[in-house]
Amino acid sequence: MEELIRSNNQSQLEALALEHPTFGINVSNVRDRIQSRLALFHDSYDAIADCCSELNLSPPIDTIWNLWLPLAMQIAEWRKSIDRCLIQGFLGGQGTGKTTLTRVLTVLLKQLGYRAVGWSIDDLYLPYVDRVALRSRDPRLIRRGPPGTHDVQLGIEVLTQFRQGNFPIALPRFDKSLHNGEGDRTVPEIIDRADIVLFEGWFVGVRPIVSQFDIAPIVTESDRQFARDMNEQLRNYLALWELLDRLIVLYVPNYQLSKQWRKDAEHRMIAQGKTGMSDLEIDQFVEYFWKALHPELFIPPILETANLVLEIGAEHTVTAIR
């Protein structure tokens with residue numbers, strides 16, 4: 001693949017694209033699409049490599065060619081179709097690569113002439129003092145992350161400002177390292193202009209469901225009550241989701257992989273002499289979020305309405321695009 005791209009072998013690249021067509025490629029447009037993708041690759045490769053270096057990644061040529069470039073071009077087309085800032089949502093659990101994806105897309109969209117801003121639902125966490133007070137009222141919210149630990153109204157106000165073009169915008173930011181890892185709000189980032197907001201999070205776009213919540217690790221009545229309460233909390237987020245123009249889902253059919261991915265990451269940290277969680281602590285950590293919003297219950301309904309679904313396999317790579 002790399003040799004074909006670097007040698008500008010357009011005819012063979014066109015043939016490969018038609019074997020497994022994605023992102024709207026067909027016989028009538030394949031020549032123009034591949035030509036544009038080649039130009040974007042050569043113009044942006046150095047910037048992509050720099051971005052990957054910052055993320056401690058090697059630039060994966062197949063991923064660049066088959067996913068990052070055409071996805072950036074697709075988002076640029078979506079932006080062209082509206083006369084205002086595009087709010088592009090990304091839903092993805094731990095280890096799916098949503099942070100890497102949005103960072104790279106920011107680089108590519110800049111090359112395409114658009115200023116994209118990456119933002120996370122994590123940046124909407126309640127301030128530290130408010131979360132301490134929340135935890136005293138509901139001890140089940142021992143961790144930040146589940147529905148109810150965010151300032152949803154602030155998110156609505158900020159995304160509305162982007163949609164209306166009310167710049168400059170004070171974009172909330174959250175520093176997870178503060179208060180011994182509890183995290184807190186930090187100085188907002190001032191955004192003078194933006195064409196696209198890449199808004200990502202582990203339950204962005206997720207909606208309430210009808211369920212008995214009878215699936216491991218939801219096994220006790222208190223677990224089921226917690227799941228029902230978190231499901232009800234999602235209703236407070238619906239007005240925020242309505243501000244999304246489109247939603248891309250990074251879907252892991254084998255959701256159990258997130259446990260192993262987290263363990264692998266913690267093992268690497270410990271090997272470097274850093275502190276990390278034990279395997280038992282990781283199991284408890286991951287299962288806490290499964291008890292709040294179980295991926296096998298909440299993700300499948302979203303797949304039917306998402307604009308794009310990227311299936312993620314065991315090696316963190318995209319195995320299917322639909």
# chains A, B, ... in the order shown; residues from 1 in each chain; ligands from 1
>>> residues_around(residues="range 154-171 of chain A", least_positions_apart="3", cutoff="10 Å", atoms="only C-alpha atoms", output="JSON list (two decimals) with N, CA and C atoms, in the first residue's frame")
[["chain", "number", "residue", "atom", "x", "y", "z"],
["A", 83, "ASP", "N", -24.22, 26.29, 6.33],
["A", 83, "ASP", "CA", -23.63, 27.64, 6.32],
["A", 83, "ASP", "C", -23.32, 28.09, 7.75],
["A", 84, "ARG", "N", -22.66, 27.23, 8.52],
["A", 84, "ARG", "CA", -22.29, 27.57, 9.90],
["A", 84, "ARG", "C", -21.32, 26.51, 10.40],
["A", 85, "CYS", "N", -20.90, 26.65, 11.64],
["A", 85, "CYS", "CA", -20.00, 25.68, 12.26],
["A", 85, "CYS", "C", -20.66, 24.31, 12.35],
["A", 86, "LEU", "N", -19.95, 23.28, 11.93],
["A", 86, "LEU", "CA", -20.44, 21.91, 12.01],
["A", 86, "LEU", "C", -20.09, 21.32, 13.38],
["A", 87, "ILE", "N", -21.07, 20.72, 14.04],
["A", 87, "ILE", "CA", -20.85, 20.05, 15.32],
["A", 87, "ILE", "C", -20.84, 18.55, 15.04],
["A", 117, "VAL", "N", -11.87, 22.31, 16.01],
["A", 117, "VAL", "CA", -11.56, 22.36, 17.44],
["A", 117, "VAL", "C", -11.97, 21.04, 18.07],
["A", 119, "TRP", "N", -12.92, 18.82, 21.23],
["A", 119, "TRP", "CA", -13.52, 19.06, 22.55],
["A", 119, "TRP", "C", -14.08, 17.74, 23.05],
["A", 121, "ILE", "N", -16.49, 15.58, 26.12],
["A", 121, "ILE", "CA", -17.49, 15.70, 27.18],
["A", 121, "ILE", "C", -16.82, 15.75, 28.54],
["A", 123, "ASP", "N", -14.52, 17.67, 29.33],
["A", 123, "ASP", "CA", -14.30, 19.08, 29.65],
["A", 123, "ASP", "C", -15.52, 19.71, 30.31],
["A", 124, "LEU", "N", -16.62, 18.97, 30.36],
["A", 124, "LEU", "CA", -17.85, 19.47, 30.99],
["A", 124, "LEU", "C", -18.06, 18.91, 32.39],
["A", 125, "TYR", "N", -17.06, 18.20, 32.92],
["A", 125, "TYR", "CA", -17.21, 17.71, 34.29],
["A", 125, "TYR", "C", -17.50, 18.87, 35.24],
["A", 126, "LEU", "N", -18.32, 18.60, 36.23],
["A", 126, "LEU", "CA", -18.57, 19.59, 37.27],
["A", 126, "LEU", "C", -17.26, 19.93, 37.97],
["A", 150, "HIS", "N", -21.69, 15.90, 34.86],
["A", 150, "HIS", "CA", -21.33, 16.96, 33.91],
["A", 150, "HIS", "C", -22.26, 18.17, 34.05],
["A", 151, "ASP", "N", -21.75, 19.31, 33.61],
["A", 151, "ASP", "CA", -22.57, 20.52, 33.53],
["A", 151, "ASP", "C", -23.18, 20.56, 32.13],
["A", 187, "VAL", "N", -8.22, 26.84, 33.17],
["A", 187, "VAL", "CA", -8.48, 28.07, 32.42],
["A", 187, "VAL", "C", -9.12, 27.74, 31.07],
["A", 188, "PRO", "N", -10.23, 28.35, 30.72],
["A", 188, "PRO", "CA", -10.87, 28.08, 29.42],
["A", 188, "PRO", "C", -9.94, 28.46, 28.27],
["A", 189, "GLU", "N", -10.15, 27.78, 27.15],
["A", 189, "GLU", "CA", -9.42, 28.11, 25.93],
["A", 189, "GLU", "C", -10.26, 29.08, 25.11],
["A", 190, "ILE", "N", -9.68, 30.20, 24.72],
["A", 190, "ILE", "CA", -10.42, 31.19, 23.94],
["A", 190, "ILE", "C", -10.34, 30.84, 22.47],
["A", 191, "ILE", "N", -11.49, 30.62, 21.87],
["A", 191, "ILE", "CA", -11.59, 30.27, 20.45],
["A", 191, "ILE", "C", -12.10, 31.47, 19.68],
["A", 192, "ASP", "N", -11.26, 32.00, 18.80],
["A", 192, "ASP", "CA", -11.64, 33.18, 18.02],
["A", 192, "ASP", "C", -12.47, 32.83, 16.79],
["A", 193, "ARG", "N", -12.24, 31.61, 16.28],
["A", 193, "ARG", "CA", -12.98, 31.19, 15.09],
["A", 193, "ARG", "C", -12.90, 29.67, 14.99],
["A", 194, "ALA", "N", -13.96, 29.07, 14.48],
["A", 194, "ALA", "CA", -13.95, 27.62, 14.25],
["A", 194, "ALA", "C", -14.98, 27.29, 13.17],
["A", 195, "ASP", "N", -14.62, 26.36, 12.31],
["A", 195, "ASP", "CA", -15.52, 25.87, 11.27],
["A", 195, "ASP", "C", -16.17, 24.56, 11.66],
["A", 196, "ILE", "N", -15.46, 23.79, 12.51],
["A", 196, "ILE", "CA", -15.92, 22.45, 12.88],
["A", 196, "ILE", "C", -15.54, 22.19, 14.33],
["A", 197, "VAL", "N", -16.48, 21.62, 15.11],
["A", 197, "VAL", "CA", -16.19, 21.15, 16.46],
["A", 197, "VAL", "C", -16.24, 19.63, 16.43],
["A", 199, "PHE", "N", -16.56, 16.83, 18.76],
["A", 199, "PHE", "CA", -17.01, 16.65, 20.14],
["A", 199, "PHE", "C", -17.08, 15.16, 20.46],
["A", 237, "TYR", "N", -29.40, 14.88, 29.02],
["A", 237, "TYR", "CA", -28.38, 15.11, 27.98],
["A", 237, "TYR", "C", -28.99, 15.22, 26.59],
["A", 239, "ALA", "N", -31.00, 17.30, 25.12],
["A", 239, "ALA", "CA", -30.94, 18.63, 24.49],
["A", 239, "ALA", "C", -29.52, 18.92, 23.99],
["A", 240, "LEU", "N", -28.51, 18.37, 24.67],
["A", 240, "LEU", "CA", -27.12, 18.54, 24.22],
["A", 240, "LEU", "C", -26.89, 17.75, 22.94],
["A", 241, "TRP", "N", -27.39, 16.49, 22.91],
["A", 241, "TRP", "CA", -27.22, 15.67, 21.71],
["A", 241, "TRP", "C", -27.93, 16.28, 20.50],
["A", 242, "GLU", "N", -29.03, 16.99, 20.74],
["A", 242, "GLU", "CA", -29.77, 17.59, 19.62],
["A", 242, "GLU", "C", -28.95, 18.63, 18.88],
["A", 243, "LEU", "N", -27.90, 19.13, 19.52],
["A", 243, "LEU", "CA", -27.04, 20.14, 18.89],
["A", 243, "LEU", "C", -25.98, 19.52, 17.99],
["A", 244, "LEU", "N", -25.87, 18.19, 18.01],
["A", 244, "LEU", "CA", -24.93, 17.50, 17.12],
["A", 244, "LEU", "C", -25.52, 17.45, 15.71],
["A", 245, "ASP", "N", -24.69, 17.80, 14.73],
["A", 245, "ASP", "CA", -25.16, 17.69, 13.34],
["A", 245, "ASP", "C", -25.07, 16.27, 12.84]]
>>> residues_around(residues="Thr63 in chain A", least_positions_apart="6", cutoff="10 Å", atoms="only C-alpha atoms", output="list in words")
Leu69, Thr317 and Val318 of chain A
>>> residues_around(residues="range 299-303 of chain A", least_positions_apart="6", cutoff="9 Å", atoms="only C-alpha atoms", output="VMD selection string")
chain A and resid 203 205 to 207 209 249 251 309
>>> write_last_selection(atoms="C-alpha atoms", output="PDB file, in the first residue's frame")
ATOM      1  CA  PHE A 203     -21.483   8.176  25.793  1.00  0.00           C
ATOM      2  CA  GLY A 205     -25.272  10.620  21.663  1.00  0.00           C
ATOM      3  CA  VAL A 206     -26.429   7.759  23.913  1.00  0.00           C
ATOM      4  CA  ARG A 207     -30.141   7.835  24.739  1.00  0.00           C
ATOM      5  CA  ILE A 209     -33.489   2.707  26.721  1.00  0.00           C
ATOM      6  CA  VAL A 249     -19.536   5.715  16.384  1.00  0.00           C
ATOM      7  CA  TYR A 251     -17.864   0.508  17.851  1.00  0.00           C
ATOM      8  CA  VAL A 309     -19.909   3.342  12.223  1.00  0.00           C
TER       9      VAL A 309
END
>>> residues_around(residues="range 14-19 of chain A", least_positions_apart="6", cutoff="8 Å", atoms="only C-alpha atoms", output="VMD selection string")
chain A and resid 25 to 27 30 to 31 34
>>> write_last_selection(atoms="N, CA and C atoms", output="tab-separated table (two decimals), in the first residue's frame")
chain	number	residue	atom	x	y	z
A	25	ILE	N	-17.49	6.02	-2.37
A	25	ILE	CA	-16.75	5.81	-3.61
A	25	ILE	C	-17.52	4.86	-4.52
A	26	ASN	N	-17.57	5.20	-5.82
A	26	ASN	CA	-18.17	4.32	-6.82
A	26	ASN	C	-17.43	4.52	-8.14
A	27	VAL	N	-17.87	3.81	-9.16
A	27	VAL	CA	-17.17	3.84	-10.44
A	27	VAL	C	-17.13	5.25	-11.03
A	30	VAL	N	-14.57	7.51	-8.52
A	30	VAL	CA	-13.35	6.98	-7.92
A	30	VAL	C	-12.09	7.71	-8.37
A	31	ARG	N	-12.04	8.11	-9.64
A	31	ARG	CA	-10.84	8.79	-10.14
A	31	ARG	C	-10.61	10.11	-9.40
A	34	ILE	N	-9.76	9.48	-5.53
A	34	ILE	CA	-8.41	8.99	-5.26
A	34	ILE	C	-7.36	10.05	-5.59
>>> closest_residue(among="A:Arg228, A:Arg33, A:His294, A:Lys263", to="Pro21 in chain A", atoms="only C-alpha atoms")
A:Arg33
>>> residues_around(residues="Thr149 in chain A", least_positions_apart="6", cutoff="10 Å", atoms="only C-alpha atoms", output="compact mmCIF listing (two decimals) with N, CA and C atoms, in the first residue's frame")
# COMPACT_ATOMS: atom_id res chain seq x y z
N ASP A 122 -15.58 15.23 28.64
CA ASP A 122 -14.82 15.32 29.89
C ASP A 122 -14.59 16.77 30.31
N LEU A 124 -16.62 18.97 30.36
CA LEU A 124 -17.85 19.47 30.99
C LEU A 124 -18.06 18.91 32.39
N TYR A 125 -17.06 18.20 32.92
CA TYR A 125 -17.21 17.71 34.29
C TYR A 125 -17.50 18.87 35.24
N LEU A 126 -18.32 18.60 36.23
CA LEU A 126 -18.57 19.59 37.27
C LEU A 126 -17.26 19.93 37.97
N PRO A 127 -17.10 21.16 38.45
CA PRO A 127 -15.90 21.51 39.21
C PRO A 127 -15.72 20.57 40.41
N ASP A 130 -18.04 20.88 43.41
CA ASP A 130 -19.41 20.45 43.12
C ASP A 130 -19.51 18.93 43.07
N ARG A 131 -18.47 18.28 42.58
CA ARG A 131 -18.50 16.81 42.54
C ARG A 131 -18.35 16.21 43.93
N LEU A 134 -21.75 16.52 45.25
CA LEU A 134 -22.61 15.54 44.59
C LEU A 134 -22.40 14.15 45.18
N ARG A 135 -21.14 13.81 45.44
CA ARG A 135 -20.82 12.51 46.00
C ARG A 135 -21.37 12.35 47.42
N LEU A 141 -21.84 7.84 43.10
CA LEU A 141 -21.05 8.57 42.09
C LEU A 141 -19.64 8.80 42.61
N ARG A 143 -16.92 8.09 41.12
CA ARG A 143 -15.99 8.47 40.05
C ARG A 143 -16.64 9.50 39.15
N GLN A 233 -30.93 9.61 34.04
CA GLN A 233 -30.08 10.81 33.93
C GLN A 233 -29.80 11.19 32.48
>>> residues_around(residues="Cys51 in chain A", least_positions_apart="2", cutoff="12 Å", atoms="only C-alpha atoms", output="short mmCIF file (atom, residue, chain, number, x, y, z; two decimals) with C-alpha atoms, in the first residue's frame")
data_model
loop_
_atom_site.label_atom_id
_atom_site.label_comp_id
_atom_site.auth_asym_id
_atom_site.auth_seq_id
_atom_site.Cartn_x
_atom_site.Cartn_y
_atom_site.Cartn_z
CA SER A 44 -0.28 16.56 4.97
CA TYR A 45 1.98 13.57 5.66
CA ASP A 46 4.66 15.53 7.55
CA ALA A 47 2.02 17.16 9.77
CA ILE A 48 0.41 13.76 10.41
CA ALA A 49 3.79 12.30 11.32
CA SER A 53 5.03 11.55 17.22
CA GLU A 54 3.37 13.68 19.91
CA LEU A 55 1.01 10.77 20.60
CA ASN A 56 3.90 8.24 20.64
CA LEU A 57 2.55 6.51 17.53
CA SER A 58 4.16 5.43 14.29
CA PRO A 59 2.22 6.81 11.30
CA THR A 99 -8.79 11.07 21.02
CA THR A 100 -6.13 10.11 18.46
CA LEU A 101 -8.69 10.27 15.67
CA THR A 102 -9.91 13.76 16.56
CA ARG A 103 -6.33 15.04 16.94
CA VAL A 104 -5.37 13.78 13.48
CA LEU A 105 -8.60 15.04 11.93
CA THR A 106 -7.83 18.51 13.27
CA VAL A 107 -4.53 18.41 11.35
CA LEU A 108 -6.10 17.15 8.14
#
>>> select_by_dssp(residues="range 101-131 of chain A", states="helix (DSSP H, G or I)", output="list in words")
Leu101, Thr102, Arg103, Val104, Leu105, Thr106, Val107, Leu108, Leu109, Lys110, Gln111, Ile121, Asp122, Asp123, Leu124, Tyr128, Val129, Asp130 and Arg131 of chain A
>>> write_last_selection(atoms="C-alpha atoms", output="short mmCIF file (atom, residue, chain, number, x, y, z; two decimals), in the first residue's frame")
data_model
loop_
_atom_site.label_atom_id
_atom_site.label_comp_id
_atom_site.auth_asym_id
_atom_site.auth_seq_id
_atom_site.Cartn_x
_atom_site.Cartn_y
_atom_site.Cartn_z
CA LEU A 101 -8.69 10.27 15.67
CA THR A 102 -9.91 13.76 16.56
CA ARG A 103 -6.33 15.04 16.94
CA VAL A 104 -5.37 13.78 13.48
CA LEU A 105 -8.60 15.04 11.93
CA THR A 106 -7.83 18.51 13.27
CA VAL A 107 -4.53 18.41 11.35
CA LEU A 108 -6.10 17.15 8.14
CA LEU A 109 -9.04 19.54 8.21
CA LYS A 110 -6.61 22.43 8.61
CA GLN A 111 -4.90 21.24 5.42
CA ILE A 121 -17.49 15.70 27.18
CA ASP A 122 -14.82 15.32 29.89
CA ASP A 123 -14.30 19.08 29.65
CA LEU A 124 -17.85 19.47 30.99
CA TYR A 128 -14.16 19.56 41.98
CA VAL A 129 -16.10 21.16 44.85
CA ASP A 130 -19.41 20.45 43.12
CA ARG A 131 -18.50 16.81 42.54
#
>>> residues_around(residues="range 212-222 of chain A", least_positions_apart="2", cutoff="6 Å", atoms="only C-alpha atoms", output="short mmCIF file (atom, residue, chain, number, x, y, z; two decimals) with C-alpha atoms, in the first residue's frame")
data_model
loop_
_atom_site.label_atom_id
_atom_site.label_comp_id
_atom_site.auth_asym_id
_atom_site.auth_seq_id
_atom_site.Cartn_x
_atom_site.Cartn_y
_atom_site.Cartn_z
CA ARG A 224 -30.04 -2.47 38.79
CA GLN A 225 -31.25 0.64 40.61
CA LYS A 291 -22.95 -0.83 35.54
#
